[in-house]
Each structure stands twice: as C-alpha cells, then as structure tokens.
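Colleague: File name data.txt; file contents compact mmCIF, C-alpha atoms; full text below.
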# COMPACT_ATOMS: atom_id res chain seq x y z
CA MET A 7 -26.62 -95.40 -6.60
CA PRO A 8 -28.13 -93.02 -4.00
CA THR A 9 -27.61 -93.68 -0.31
CA PRO A 10 -30.88 -94.73 1.40
CA LEU A 11 -32.35 -92.50 4.06
CA THR A 12 -32.23 -93.70 7.63
CA ARG A 13 -35.53 -94.59 9.29
CA ARG A 14 -34.67 -91.93 11.88
CA THR A 15 -34.60 -89.09 9.32
CA PHE A 16 -36.37 -85.93 10.52
CA LEU A 17 -37.51 -82.72 8.81
CA ARG A 18 -36.35 -79.77 10.90
CA GLY A 19 -37.27 -76.13 10.80
CA ALA A 20 -38.38 -73.26 13.02
CA GLY A 21 -37.61 -75.26 16.12
CA VAL A 22 -39.80 -78.19 15.05
CA ALA A 23 -38.66 -81.72 14.23
CA MET A 24 -41.09 -83.90 12.29
CA ALA A 25 -40.49 -87.64 11.97
CA LEU A 26 -41.03 -89.06 8.50
CA PRO A 27 -43.12 -92.16 7.73
CA PHE A 28 -41.37 -95.14 6.23
CA LEU A 29 -40.48 -94.31 2.60
CA ASP A 30 -39.08 -96.33 -0.27
CA ALA A 31 -35.96 -94.18 0.00
CA MET A 32 -35.38 -95.73 3.41
CA ARG A 33 -35.07 -99.24 2.00
CA PRO A 34 -31.59 -100.72 1.81
CA VAL A 35 -29.76 -100.49 -1.49
CA GLY A 36 -31.14 -103.24 -3.72
CA GLY A 37 -34.53 -101.96 -4.77
CA ALA A 38 -38.08 -101.91 -3.51
CA GLY A 39 -38.02 -105.59 -2.69
CA ALA A 40 -35.12 -105.28 -0.28
CA LYS A 41 -35.97 -105.66 3.40
CA ALA A 42 -35.97 -102.64 5.67
CA GLU A 43 -33.84 -102.70 8.77
CA LEU A 44 -35.71 -104.38 11.60
CA PRO A 45 -35.46 -103.37 15.23
CA ARG A 46 -33.09 -105.19 17.56
CA ARG A 47 -34.05 -105.98 21.13
CA MET A 48 -32.56 -107.09 24.43
CA VAL A 49 -33.87 -109.06 27.42
CA ALA A 50 -31.55 -109.32 30.44
CA ILE A 51 -32.41 -111.86 33.14
CA GLU A 52 -30.78 -112.56 36.49
CA THR A 53 -31.67 -115.31 38.93
CA ASN A 54 -30.31 -114.27 42.31
CA MET A 55 -29.51 -117.51 44.17
CA GLY A 56 -26.88 -118.92 41.85
CA ILE A 57 -26.96 -121.90 39.49
CA LEU A 58 -25.30 -125.20 40.38
CA PRO A 59 -22.12 -124.96 38.30
CA GLN A 60 -21.57 -128.72 37.93
CA PHE A 61 -24.87 -129.02 36.05
CA PHE A 62 -24.36 -125.91 33.93
CA PHE A 63 -20.78 -125.58 32.69
CA PRO A 64 -19.61 -127.88 29.85
CA GLU A 65 -16.24 -129.59 30.30
CA LYS A 66 -15.04 -128.95 26.77
CA SER A 67 -14.73 -125.54 25.14
CA GLY A 68 -15.50 -124.63 21.53
CA ARG A 69 -18.33 -125.84 19.33
CA ASP A 70 -17.94 -129.56 19.97
CA TYR A 71 -18.88 -129.50 23.65
CA GLU A 72 -21.30 -131.92 25.29
CA LEU A 73 -24.52 -130.47 26.66
CA THR A 74 -24.75 -130.52 30.45
CA PRO A 75 -27.96 -131.44 32.33
CA TYR A 76 -29.17 -127.83 32.42
CA LEU A 77 -28.16 -127.01 28.85
CA GLU A 78 -29.92 -130.16 27.65
CA ARG A 79 -33.16 -128.42 28.61
CA LEU A 80 -32.23 -125.89 25.89
CA GLY A 81 -31.00 -128.53 23.46
CA ALA A 82 -33.27 -127.39 20.63
CA PHE A 83 -31.40 -124.07 20.69
CA ARG A 84 -27.85 -125.40 20.82
CA ASN A 85 -26.93 -123.35 17.75
CA ASP A 86 -28.82 -120.32 19.03
CA PHE A 87 -26.93 -119.65 22.25
CA THR A 88 -23.39 -119.27 23.55
CA VAL A 89 -22.46 -120.44 27.04
CA PHE A 90 -19.67 -118.72 28.98
CA SER A 91 -17.36 -119.91 31.76
CA GLY A 92 -14.49 -118.26 33.58
CA THR A 93 -16.19 -114.86 33.54
CA SER A 94 -17.22 -112.41 36.25
CA HIS A 95 -17.57 -108.71 36.97
CA PRO A 96 -14.16 -107.31 38.04
CA GLY A 97 -14.21 -106.23 41.67
CA VAL A 98 -17.84 -107.15 42.26
CA THR A 99 -17.82 -108.94 45.60
CA GLY A 100 -20.05 -109.15 48.66
CA ALA A 101 -22.00 -112.39 48.05
CA HIS A 102 -25.71 -111.49 47.84
CA SER A 103 -24.89 -107.78 47.65
CA ALA A 104 -23.69 -108.42 44.10
CA GLU A 105 -27.20 -109.04 42.82
CA LYS A 106 -27.72 -105.29 42.32
CA CYS A 107 -24.63 -105.13 40.09
CA PHE A 108 -25.48 -107.82 37.53
CA LEU A 109 -26.30 -105.24 34.84
CA THR A 110 -24.04 -102.45 36.11
CA GLY A 111 -20.75 -104.21 36.94
CA THR A 112 -20.11 -101.66 39.69
CA PRO A 113 -17.35 -102.93 42.03
CA HIS A 114 -17.68 -103.53 45.77
CA PRO A 115 -21.41 -103.20 46.48
CA GLU A 116 -20.82 -104.41 50.04
CA ARG A 117 -18.89 -101.29 51.05
CA GLY A 118 -20.35 -98.40 52.96
CA GLY A 119 -21.30 -95.44 50.80
CA PHE A 120 -21.65 -97.66 47.72
CA ARG A 121 -23.18 -95.91 44.73
CA ASN A 122 -24.24 -97.93 41.74
CA TRP A 123 -23.62 -97.04 38.09
CA VAL A 124 -26.11 -97.01 35.24
CA SER A 125 -27.37 -100.46 34.25
CA LEU A 126 -26.97 -101.93 30.78
CA ASP A 127 -30.67 -101.74 29.98
CA GLN A 128 -31.01 -98.10 31.03
CA TYR A 129 -27.90 -97.07 29.11
CA ALA A 130 -29.49 -98.58 26.01
CA ALA A 131 -32.91 -97.09 26.81
CA GLU A 132 -31.41 -93.60 27.03
CA LEU A 133 -30.33 -93.86 23.40
CA LEU A 134 -33.02 -96.08 21.87
CA GLY A 135 -36.02 -95.91 24.17
CA ASN A 136 -37.82 -93.06 22.43
CA ARG A 137 -38.72 -95.39 19.55
CA THR A 138 -41.28 -97.34 21.60
CA ARG A 139 -44.12 -96.60 24.00
CA TYR A 140 -42.01 -97.83 26.90
CA PRO A 141 -38.28 -97.01 26.72
CA SER A 142 -37.69 -100.09 28.86
CA LEU A 143 -39.61 -102.58 30.97
CA VAL A 144 -38.16 -103.06 34.44
CA LEU A 145 -39.59 -106.26 35.88
CA ALA A 146 -39.13 -108.52 38.88
CA MET A 147 -40.43 -111.97 39.65
CA SER A 148 -40.42 -111.35 43.37
CA SER A 149 -42.62 -111.49 46.44
CA GLU A 150 -40.88 -108.48 47.96
CA GLY A 151 -40.60 -104.90 46.80
CA GLY A 152 -37.39 -103.02 46.10
CA GLN A 153 -35.55 -105.66 44.09
CA THR A 154 -34.48 -104.50 40.65
CA LEU A 155 -31.75 -104.92 38.05
CA SER A 156 -32.15 -101.40 36.66
CA PHE A 157 -30.43 -98.22 37.79
CA THR A 158 -30.36 -94.69 36.41
CA ARG A 159 -27.21 -92.85 35.40
CA SER A 160 -27.12 -91.35 38.90
CA GLY A 161 -27.21 -94.84 40.42
CA ALA A 162 -30.79 -94.64 41.66
CA PRO A 163 -32.76 -97.91 41.59
CA ILE A 164 -35.76 -98.08 39.27
CA SER A 165 -38.82 -99.69 40.78
CA ALA A 166 -39.72 -102.98 39.09
CA GLU A 167 -43.19 -104.17 38.10
CA ARG A 168 -43.83 -107.44 39.95
CA SER A 169 -47.30 -108.31 38.67
CA PRO A 170 -47.68 -109.97 35.23
CA LYS A 171 -51.36 -108.98 35.30
CA ARG A 172 -50.62 -105.29 35.90
CA LEU A 173 -47.91 -105.43 33.25
CA PHE A 174 -50.38 -106.86 30.72
CA GLN A 175 -52.94 -104.18 31.54
CA ARG A 176 -50.33 -101.45 31.30
CA LEU A 177 -49.24 -102.71 27.87
CA PHE A 178 -52.55 -103.60 26.23
CA VAL A 179 -55.58 -102.23 28.09
CA GLN A 180 -56.62 -98.87 26.64
CA GLY A 181 -57.92 -96.42 29.22
CA LYS A 182 -61.13 -94.44 28.76
CA PRO A 183 -60.71 -90.86 27.42
CA GLU A 184 -61.18 -89.37 30.87
CA GLU A 185 -58.59 -91.80 32.29
CA VAL A 186 -56.10 -90.85 29.58
CA ALA A 187 -56.69 -87.15 30.32
CA ALA A 188 -56.20 -87.78 34.03
CA ASN A 189 -52.96 -89.65 33.37
CA VAL A 190 -51.63 -86.83 31.21
CA GLU A 191 -52.54 -84.25 33.85
CA ALA A 192 -50.82 -86.32 36.53
CA LEU A 193 -47.70 -86.50 34.36
CA LYS A 194 -47.77 -82.74 33.82
CA GLN A 195 -48.16 -82.11 37.54
CA GLY A 196 -45.32 -84.46 38.28
CA ARG A 197 -43.05 -82.66 35.85
CA SER A 198 -43.98 -79.22 37.15
CA MET A 199 -43.16 -80.33 40.71
CA LEU A 200 -39.78 -81.57 39.57
CA ASP A 201 -39.12 -78.24 37.87
CA PHE A 202 -40.01 -76.43 41.08
CA VAL A 203 -37.79 -78.64 43.23
CA GLY A 204 -34.98 -78.26 40.74
CA ASP A 205 -35.15 -74.43 40.80
CA GLN A 206 -35.22 -74.34 44.58
CA SER A 207 -32.31 -76.75 44.85
CA ARG A 208 -30.16 -74.82 42.39
CA ARG A 209 -30.52 -71.68 44.48
CA LEU A 210 -29.61 -73.69 47.56
CA ASN A 211 -26.59 -75.19 45.80
CA ARG A 212 -24.76 -71.85 45.69
CA SER A 213 -24.61 -71.73 49.49
CA LEU A 214 -23.35 -75.29 50.02
CA GLY A 215 -19.92 -76.82 50.40
CA LYS A 216 -18.28 -78.94 47.70
CA ALA A 217 -19.36 -82.32 49.13
CA ASP A 218 -22.99 -81.22 49.40
CA GLN A 219 -22.83 -79.76 45.90
CA GLN A 220 -21.73 -83.16 44.60
CA ARG A 221 -24.65 -84.82 46.35
CA LEU A 222 -27.04 -82.31 44.84
CA ASP A 223 -25.52 -82.88 41.42
CA GLN A 224 -26.33 -86.59 41.75
CA TYR A 225 -29.85 -85.58 42.74
CA PHE A 226 -30.22 -83.27 39.72
CA THR A 227 -29.17 -86.11 37.46
CA ALA A 228 -31.86 -88.35 38.92
CA VAL A 229 -34.41 -85.55 38.49
CA ARG A 230 -33.49 -85.09 34.84
CA ASP A 231 -33.75 -88.85 34.27
CA LEU A 232 -37.27 -88.83 35.69
CA GLU A 233 -38.27 -85.71 33.74
CA GLN A 234 -37.33 -87.40 30.49
CA ARG A 235 -39.37 -90.46 31.40
CA LEU A 236 -42.39 -88.32 32.23
CA GLU A 237 -42.18 -86.39 28.96
CA SER A 238 -41.98 -89.61 26.96
CA SER A 239 -44.91 -91.13 28.85
CA GLU A 240 -47.10 -88.08 28.18
CA SER A 241 -46.57 -88.20 24.40
CA TRP A 242 -47.58 -91.87 24.27
CA GLU A 243 -50.74 -91.55 26.38
CA TYR A 244 -52.82 -90.41 23.40
CA LYS A 245 -51.64 -93.18 21.06
CA PRO A 246 -53.76 -96.35 20.92
CA LYS A 247 -52.25 -99.40 22.56
CA PRO A 248 -51.76 -102.58 20.49
CA LYS A 249 -54.38 -105.31 20.57
CA VAL A 250 -53.39 -108.92 21.30
CA ASN A 251 -55.30 -112.20 21.21
CA ALA A 252 -54.46 -113.08 24.80
CA ARG A 253 -56.05 -112.67 28.19
CA ALA A 254 -54.42 -110.98 31.12
CA PRO A 255 -52.73 -113.59 33.33
CA GLU A 256 -53.84 -114.12 36.91
CA ASP A 257 -51.10 -113.37 39.42
CA ILE A 258 -49.73 -116.12 41.65
CA ASP A 259 -49.10 -115.12 45.25
CA ASP A 260 -47.30 -118.26 46.42
CA ALA A 261 -43.57 -117.45 46.61
CA ARG A 262 -42.77 -121.16 46.22
CA ALA A 263 -44.32 -121.10 42.74
CA PHE A 264 -41.53 -118.92 41.36
CA VAL A 265 -41.15 -121.09 38.26
CA GLN A 266 -44.81 -120.70 37.29
CA LYS A 267 -44.65 -116.97 38.08
CA THR A 268 -41.59 -116.63 35.86
CA LYS A 269 -43.46 -118.30 33.01
CA LEU A 270 -46.32 -115.80 33.29
CA THR A 271 -43.84 -112.94 33.12
CA PHE A 272 -42.08 -114.46 30.10
CA ASP A 273 -45.44 -114.77 28.33
CA VAL A 274 -46.15 -111.05 28.73
CA ILE A 275 -42.58 -110.09 27.78
CA LYS A 276 -42.99 -111.99 24.51
CA LEU A 277 -46.17 -110.03 23.74
CA ALA A 278 -44.43 -106.75 24.57
CA LEU A 279 -41.60 -107.53 22.16
CA GLU A 280 -43.94 -108.83 19.46
CA THR A 281 -46.00 -105.62 19.51
CA ASP A 282 -42.86 -103.47 19.71
CA SER A 283 -44.17 -101.90 22.91
CA SER A 284 -40.61 -101.97 24.23
CA ARG A 285 -37.28 -103.28 22.99
CA ILE A 286 -35.38 -103.27 26.28
CA VAL A 287 -36.38 -105.54 29.18
CA SER A 288 -34.76 -106.43 32.49
CA LEU A 289 -36.08 -109.21 34.73
CA PHE A 290 -34.97 -109.97 38.27
CA ILE A 291 -35.93 -113.54 39.29
CA ASP A 292 -35.99 -113.89 43.06
CA THR A 293 -35.53 -117.46 44.28
CA THR A 294 -34.90 -116.58 47.92
CA VAL A 295 -37.55 -119.13 48.87
CA ILE A 296 -34.97 -121.87 48.13
CA HIS A 297 -32.07 -120.01 49.74
CA ASN A 298 -31.71 -122.58 52.50
CA ILE A 299 -31.08 -125.46 50.10
CA THR A 300 -28.56 -123.47 48.04
CA HIS A 301 -26.32 -124.00 51.07
CA HIS A 302 -26.39 -127.71 50.33
CA GLY A 303 -23.04 -128.73 51.79
CA ASN A 304 -22.84 -131.26 48.92
CA ARG A 305 -25.48 -133.43 50.59
CA PRO A 306 -26.88 -135.64 47.79
CA GLU A 307 -30.54 -135.35 48.75
CA VAL A 308 -30.36 -131.55 48.96
CA LEU A 309 -28.48 -131.31 45.66
CA THR A 310 -31.17 -133.43 44.01
CA GLU A 311 -33.91 -131.14 45.31
CA LEU A 312 -32.06 -128.00 44.20
CA GLN A 313 -31.29 -129.47 40.79
CA GLY A 314 -34.99 -130.13 40.26
CA HIS A 315 -35.87 -126.50 40.95
CA GLU A 316 -33.17 -125.23 38.63
CA GLU A 317 -34.03 -127.66 35.82
CA ARG A 318 -37.59 -126.35 35.88
CA GLN A 319 -36.22 -122.82 35.57
CA PHE A 320 -34.36 -123.84 32.42
CA ASP A 321 -37.52 -125.52 31.11
CA VAL A 322 -39.33 -122.19 31.44
CA LEU A 323 -36.44 -120.40 29.72
CA ASN A 324 -36.70 -122.97 26.92
CA GLY A 325 -40.39 -122.13 26.57
CA PHE A 326 -39.58 -118.43 26.29
CA LEU A 327 -36.95 -119.02 23.61
CA THR A 328 -39.40 -121.27 21.77
CA ALA A 329 -42.05 -118.56 21.77
CA LEU A 330 -39.57 -116.04 20.39
CA ARG A 331 -38.39 -118.48 17.72
CA ASP A 332 -41.95 -119.25 16.62
CA THR A 333 -42.89 -115.58 16.27
CA LYS A 334 -41.99 -114.15 12.89
CA GLU A 335 -41.16 -110.57 11.99
CA GLU A 336 -40.60 -109.74 8.31
CA GLY A 337 -39.39 -113.25 7.60
CA GLN A 338 -37.10 -113.53 10.61
CA SER A 339 -37.82 -114.96 14.03
CA LEU A 340 -38.18 -112.70 17.02
CA LEU A 341 -35.34 -114.68 18.61
CA ASP A 342 -33.02 -113.69 15.76
CA ARG A 343 -33.78 -110.06 16.61
CA THR A 344 -33.68 -110.38 20.41
CA MET A 345 -30.64 -110.93 22.62
CA VAL A 346 -31.56 -112.93 25.72
CA LEU A 347 -28.97 -112.76 28.49
CA TYR A 348 -29.49 -115.27 31.31
CA GLY A 349 -27.21 -115.52 34.31
CA THR A 350 -26.62 -115.11 38.00
CA CYS A 351 -24.66 -112.96 40.40
CA MET A 352 -23.03 -115.92 42.18
CA GLY A 353 -20.78 -118.62 40.82
CA SER A 354 -21.57 -120.73 43.85
CA ALA A 355 -24.36 -119.90 46.26
CA ASN A 356 -23.06 -122.61 48.59
CA SER A 357 -19.84 -120.65 49.18
CA HIS A 358 -21.20 -117.15 48.36
CA SER A 359 -18.66 -116.82 45.55
CA ASN A 360 -18.99 -114.01 42.99
CA VAL A 361 -16.56 -115.44 40.41
CA ASN A 362 -17.00 -117.92 37.55
CA LEU A 363 -20.56 -116.77 36.96
CA PRO A 364 -22.88 -119.13 35.05
CA ALA A 365 -24.19 -117.14 32.07
CA LEU A 366 -25.37 -117.61 28.51
CA LEU A 367 -26.52 -115.41 25.65
CA ALA A 368 -29.18 -116.58 23.21
CA GLY A 369 -30.41 -115.13 19.93
CA GLY A 370 -29.89 -111.56 18.80
CA GLY A 371 -27.87 -112.17 15.65
CA PHE A 372 -24.59 -113.64 16.92
CA LYS A 373 -22.64 -116.67 15.72
CA HIS A 374 -23.70 -119.01 18.50
CA GLY A 375 -23.36 -122.74 19.14
CA GLN A 376 -20.21 -122.60 21.27
CA HIS A 377 -18.79 -122.68 24.78
CA LEU A 378 -16.43 -119.76 25.34
CA ALA A 379 -14.19 -120.81 28.23
CA PHE A 380 -11.84 -118.43 30.04
CA ASP A 381 -9.41 -118.64 32.94
CA GLN A 382 -11.09 -119.98 36.09
CA GLN A 383 -8.57 -118.17 38.31
CA ASN A 384 -8.19 -114.90 36.41
CA ASN A 385 -11.68 -114.35 35.08
CA TYR A 386 -12.51 -112.54 31.86
CA PRO A 387 -14.75 -109.45 32.28
CA LEU A 388 -18.39 -110.27 31.68
CA THR A 389 -18.91 -106.53 31.20
CA ASN A 390 -17.14 -106.91 27.84
CA LEU A 391 -20.20 -108.89 26.79
CA PHE A 392 -22.27 -105.80 27.54
CA VAL A 393 -20.16 -103.79 25.08
CA SER A 394 -20.88 -106.39 22.38
CA MET A 395 -24.58 -106.31 23.20
CA LEU A 396 -24.72 -102.52 22.97
CA GLN A 397 -22.97 -102.60 19.62
CA ARG A 398 -25.43 -105.25 18.41
CA LEU A 399 -28.22 -102.79 19.27
CA GLY A 400 -26.50 -100.28 17.00
CA ILE A 401 -25.00 -98.17 19.79
CA GLU A 402 -21.50 -96.95 18.98
CA THR A 403 -19.41 -97.50 22.10
CA ASP A 404 -16.19 -99.32 22.93
CA GLU A 405 -16.71 -99.54 26.67
CA PHE A 406 -19.31 -99.96 29.36
CA SER A 407 -18.69 -100.08 33.10
CA THR A 408 -15.48 -102.10 33.60
CA GLY A 409 -15.74 -103.52 30.07
CA LYS A 410 -13.14 -101.92 27.80
CA GLY A 411 -13.79 -103.83 24.59
CA THR A 412 -16.06 -106.34 22.92
CA PHE A 413 -16.34 -109.92 24.14
CA ARG A 414 -13.54 -112.12 22.80
CA GLY A 415 -14.71 -114.93 20.53
CA LEU A 416 -18.30 -113.69 20.12
CA GLU A 417 -19.00 -112.48 16.60
CA MET A 418 -22.06 -110.97 14.99
CA SER A 419 -23.71 -113.11 12.34
CA SER A 420 -24.48 -110.23 9.99
Represent the structure of the file as structure tokens.
Modeller:
Amino acid sequence: MPTPLTRRTFLRGAGVAMALPFLDAMRPVGGAGAKAELPRRMVAIETNMGILPQFFFPEKSGRDYELTPYLERLGAFRNDFTVFSGTSHPGVTGAHSAEKCFLTGTPHPERGGFRNWVSLDQYAAELLGNRTRYPSLVLAMSSEGGQTLSFTRSGAPISAERSPKRLFQRLFVQGKPEEVAANVEALKQGRSMLDFVGDQSRRLNRSLGKADQQRLDQYFTAVRDLEQRLESSESWEYKPKPKVNARAPEDIDDARAFVQKTKLTFDVIKLALETDSSRIVSLFIDTTVIHNITHHGNRPEVLTELQGHEERQFDVLNGFLTALRDTKEEGQSLLDRTMVLYGTCMGSANSHSNVNLPALLAGGGFKHGQHLAFDQQNNYPLTNLFVSMLQRLGIETDEFSTGKGTFRGLEMSS
C-alpha cells in the first residue's frame, strides 16, 4: 500500500517551491473515506497574581480525586483536563519578576542583566506559524502596556494586543484595496530599513570588542525574527480574511472588570482558532487590581473576597472550554484539537512564593481526568510539560528550556 503524501508536500524547481492543494494521496492509509490529519493548536494562559492553593489543589492524587472549589467550576470537563501539583520552573525566583518567565522557564529573572529565553509559543510559532495568517497571537488582558508572555529567541519581549475589539478587527475586518496596498508598502519599507540597519551594524561589528560583538549578535537575532514576521505578514495581506457571524466586542476600560474583559478576549480567541487564523495563542491576564487582597494574611473576610474573584475567573475559563467543546471540526471538537494551559507564576501570592505553582492542562488530545501530584519540597519541572506540548503539536524535540524530557504521567490519547 503506498505511503500517503504529507499535507506539507511541495513541488520544487528552479528556485521555486509551490505548495500543493489537498489531494486524495494525502489522506491517511485506509481509503478516500479516511479522515485527513487535522491541525493541532495551543493556548497558553497566565494569571499573574497567583491562585489560592487551598481552593485549587486536590488532596488526593490519581484519577479518583475530589474536585476542589475552583475545579468544581470546571466539573463538566473533569475528564478533559489534568491538574498538576508539586511543580515549578527550576530556578525561577523573584516573586512578581517571575511572571515574564511563565512560558520561558528562564531562571532568576530578578537578577541584574537578566536576559529571557524564547517562550513556548514563539518556539512553536517558528516551526508551525507559516501555516496560518498569524503565526501566533500575543495577547494581554491588561490596563497597562508592556506586559507579555511572549519572547523572541533573542529574549526580546513581543508587544501584546490588549484590545479585544482591535483583535477582532485585525482578524476579520477586510481592509479596502488601497489600505491593503498601504499595509504592504509599510511592511516593505519596514523590511528595507531593517536590511539597512543590519548592513551598517555588520560593518560596525568588525571594529568592536568581543562583549559588544555578543550584544550585536543578540540584536541581529532580534532583527531576523522581525524580518521573518514582516515577510509572512506581507504574503497574507492579499488573502481574504475569514467571515464570522459575530460583532466586534466593545472594549471595557474599567480595570476592576478584569473577569468580563477576559471573557471578551476568550470569545475572540475561539473565533481565531475556529477560522484557523492562528494556532498558537498566549494570553497574559493581569489582576494587579486585586493585588492588595492577595496579601490576605489569612483574614477570613479577605480570603472570601479573593475567592470570589478567582471563582469568577474559573467560571470564565469554563465558558471558554465549553465554546471549544461545542465547536466541531471534521467530527472532532475544537477542544480535542486545542491544548489549553492555565496557570500562574506564584504558588502563593501572600508569601510571594514561586514554587508549587497551580496549573492545569485541558484538551489537546491527552489522557486527562487525573491529578498528577509531585514532591512539594523538591518540585518537578513544569517545563517538562512544555516538551510534551511541543511534541503534541508534532514538533520533534526532547527538551525545552530547563525541561529535559516529557512530563511524567501525561500520555497522548492517540
């Protein structure tokens, strides 16, 4: 029986590579009725002010654990997520400084001269991002600029989109022909400026000392990252954007309404995944507005107030998972095809601890329905989870950041 062609097969010749349309020969072995391989996706979410551990972590490990108050909000998905305890990023310390390392796992962000590593989403986007209009969506539910989960290979932060309305327009509102032409010209000008700066800097590099040469090398890497993004954006400008039966959301300016703002962002993310506009999403959820009550000192009335805020966050997450489950793609749910990582950079905001991080993974084609518990004193690397997630996306790697293997106890379903 002949081996089926991959959907990424190209015809090559005379310096040209032409992508093929989907052919019967690309179907899996089993005949014309067999299902083609469907895309896999990833959404990585961090909330930056911790999650009350006593309402999140189950007491019992394995599959027969009892749902905690927060996990009860996700009760309909008990068999669709795995909850972790006793995990953290090795060497990632510095209290709030750790929020920038949730997807990178880079140790010691509080130290002077800190340089971040590439984030999980951008590592995946480098290898898979050319299959969609947007290699990745870098988002933040934040009232302030500069907060992001995503970093380039050179450690440079990637600016996050903070407006659900602008995100919707970017994804689904088709510009007029003259606007498209102007966007393409702006992209070309941007790339030509980068080429010019690169040539000038390379000439300068020959006259510099070793330390300065290393700094310039980091700069060149960032330039190349941006060049690749510009080239990809230009090729997609002429392609029609997908149409959806939804209106652009109206932005909410009140920082205290972070739960409602998160819901708006989730709604647009679901549309982006459903239309295959992007398969890689990062979302930074800023809850600084409740920072003062995260230092609760175990006062009952403050704990009750904080628990209410966090329960509503899990209600919104439940709504997002529900929307993914109810959206079908070639007979499967979008949740089955999408890994949703949800967690925080602090195990306890009250004590500014960066160990025993509350985290869970939903969907994406894993054997879920369990609590994987590890040593509370000698934590298991959460970065190993990132290796498993990359492999689930089809990326062949055995390590990422400080993760040197796949996540113990987490198996793929197929």
Colleague: Please provide as a PDB file with C-alpha atoms, keeping the file's coordinate frame all residues within 10 Å of stretch 64-80 of chain A, with the sequence filter that same-chain residues fewer than 5 positions apart are discarded (counting only C-alpha atoms).
Modeller:
ATOM      1  CA  ILE A  57     -26.960-121.900  39.490  1.00  0.00           C
ATOM      2  CA  LEU A  58     -25.300-125.200  40.380  1.00  0.00           C
ATOM      3  CA  PRO A  59     -22.120-124.960  38.300  1.00  0.00           C
ATOM      4  CA  ASN A  85     -26.930-123.350  17.750  1.00  0.00           C
ATOM      5  CA  ASP A  86     -28.820-120.320  19.030  1.00  0.00           C
ATOM      6  CA  PHE A  87     -26.930-119.650  22.250  1.00  0.00           C
ATOM      7  CA  THR A  88     -23.390-119.270  23.550  1.00  0.00           C
ATOM      8  CA  VAL A  89     -22.460-120.440  27.040  1.00  0.00           C
ATOM      9  CA  PHE A  90     -19.670-118.720  28.980  1.00  0.00           C
ATOM     10  CA  SER A  91     -17.360-119.910  31.760  1.00  0.00           C
ATOM     11  CA  GLN A 313     -31.290-129.470  40.790  1.00  0.00           C
ATOM     12  CA  GLU A 316     -33.170-125.230  38.630  1.00  0.00           C
ATOM     13  CA  GLU A 317     -34.030-127.660  35.820  1.00  0.00           C
ATOM     14  CA  ARG A 318     -37.590-126.350  35.880  1.00  0.00           C
ATOM     15  CA  GLN A 319     -36.220-122.820  35.570  1.00  0.00           C
ATOM     16  CA  PHE A 320     -34.360-123.840  32.420  1.00  0.00           C
ATOM     17  CA  ASP A 321     -37.520-125.520  31.110  1.00  0.00           C
ATOM     18  CA  VAL A 322     -39.330-122.190  31.440  1.00  0.00           C
ATOM     19  CA  LEU A 323     -36.440-120.400  29.720  1.00  0.00           C
ATOM     20  CA  ASN A 324     -36.700-122.970  26.920  1.00  0.00           C
ATOM     21  CA  GLY A 325     -40.390-122.130  26.570  1.00  0.00           C
ATOM     22  CA  LEU A 327     -36.950-119.020  23.610  1.00  0.00           C
ATOM     23  CA  THR A 328     -39.400-121.270  21.770  1.00  0.00           C
ATOM     24  CA  LEU A 366     -25.370-117.610  28.510  1.00  0.00           C
ATOM     25  CA  HIS A 374     -23.700-119.010  18.500  1.00  0.00           C
ATOM     26  CA  GLY A 375     -23.360-122.740  19.140  1.00  0.00           C
ATOM     27  CA  GLN A 376     -20.210-122.600  21.270  1.00  0.00           C
ATOM     28  CA  HIS A 377     -18.790-122.680  24.780  1.00  0.00           C
ATOM     29  CA  LEU A 378     -16.430-119.760  25.340  1.00  0.00           C
ATOM     30  CA  ALA A 379     -14.190-120.810  28.230  1.00  0.00           C
ATOM     31  CA  PHE A 380     -11.840-118.430  30.040  1.00  0.00           C
ATOM     32  CA  GLY A 415     -14.710-114.930  20.530  1.00  0.00           C
TER      33      GLY A 415
END
Colleague: So which one's closest to A:Gly151, A:Ile401, A:Phe290, A:Thr333, A:Ser103? Using all atoms listed in the file, please.
Modeller: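 For A:Gly151, the nearest of the candidates is A:Phe290.
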Colleague: Identify, on the basis of all atoms listed in the file, every residue whose closest approach to A:Ser149 does not exceed 12 Å; exclude the query and any residue fewer than 2 positions from it along the same chain; express the result as a PyMOL selection string.
Modeller: chain A and resi 146-147+151-153+166-169+257-264+267-268+290-295
Colleague: Pick out the closest residue to A:Phe326 from this set: A:Phe157, A:Phe413, A:Phe83, A:Phe272. Count all atoms listed in the file.
Modeller: A:Phe272
Colleague: Tell me which protein, DNA and RNA residues are within 9 Å of A:Asn122, counting only C-alpha atoms, leaving out same-chain ones fewer than 2 positions away, and put them as a list in words.
Modeller: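 Close residues of A:Asn122: Lys106, Cys107, Thr110, Gly111, Thr112, Pro113, Pro115, Phe120, Val124, Ser125, Phe157, Thr158, Arg159, Ser160, Gly161, Ala162 and Pro163 of chain A.
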Colleague: Which distance in Å separates atom CA of A:Ser284 and atom CA of A:Tyr140, to one decimal?
Modeller: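 So the two atoms, atom CA of A:Ser284 and atom CA of A:Tyr140, lie 5.1 Å apart.
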Colleague: Separation of atom CA of A:Pro246 and atom CA of A:Leu143, in Å?
Modeller: 18.4 Å
Colleague: Which residue, A:Phe108, A:Ala278, A:Thr310, A:Arg121, has the smallest gap to A:Pro141 when you use all atoms listed in the file?
Modeller: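 Checking each of A:Phe108, A:Ala278, A:Thr310, A:Arg121 against A:Pro141, counting all atoms listed in the file, the winner is A:Ala278.
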Colleague: Report, in Å with one decimal, the straight-line distance from atom CA of A:Arg46 to atom CA of A:Ala252.
Modeller: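 Straight-line distance from atom CA of A:Arg46 to atom CA of A:Ala252 works out to 23.9 Å.
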Colleague: Please list as a tab-separated table (two decimals) with C-alpha atoms, in the frame of the given file every residue within 10 Å of A:Ala50, counting all atoms listed in the file and excluding residues in the same chain fewer than 3 positions away.
Modeller:
chain	number	residue	atom	x	y	z
A	108	PHE	CA	-25.48	-107.82	37.53
A	109	LEU	CA	-26.30	-105.24	34.84
A	126	LEU	CA	-26.97	-101.93	30.78
A	127	ASP	CA	-30.67	-101.74	29.98
A	144	VAL	CA	-38.16	-103.06	34.44
A	155	LEU	CA	-31.75	-104.92	38.05
A	286	ILE	CA	-35.38	-103.27	26.28
A	287	VAL	CA	-36.38	-105.54	29.18
A	288	SER	CA	-34.76	-106.43	32.49
A	289	LEU	CA	-36.08	-109.21	34.73
A	290	PHE	CA	-34.97	-109.97	38.27
A	345	MET	CA	-30.64	-110.93	22.62
A	346	VAL	CA	-31.56	-112.93	25.72
A	347	LEU	CA	-28.97	-112.76	28.49
A	348	TYR	CA	-29.49	-115.27	31.31
A	349	GLY	CA	-27.21	-115.52	34.31
A	367	LEU	CA	-26.52	-115.41	25.65
Colleague: Quick one: of A:Lys373, A:Lys245, A:Lys216, A:His302, who's nearest to A:Pro183, counting only C-alpha atoms?
Modeller: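 Of A:Lys373, A:Lys245, A:Lys216, A:His302, the one nearest A:Pro183, counting only C-alpha atoms, is A:Lys245.
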Colleague: For A:Thr138, which residue among A:Gln266, A:Thr344, A:Gln382, A:Ser283 is the nearest when counting only C-alpha atoms?
Modeller: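 With only C-alpha atoms as the atom set, the closest residue is A:Ser283.
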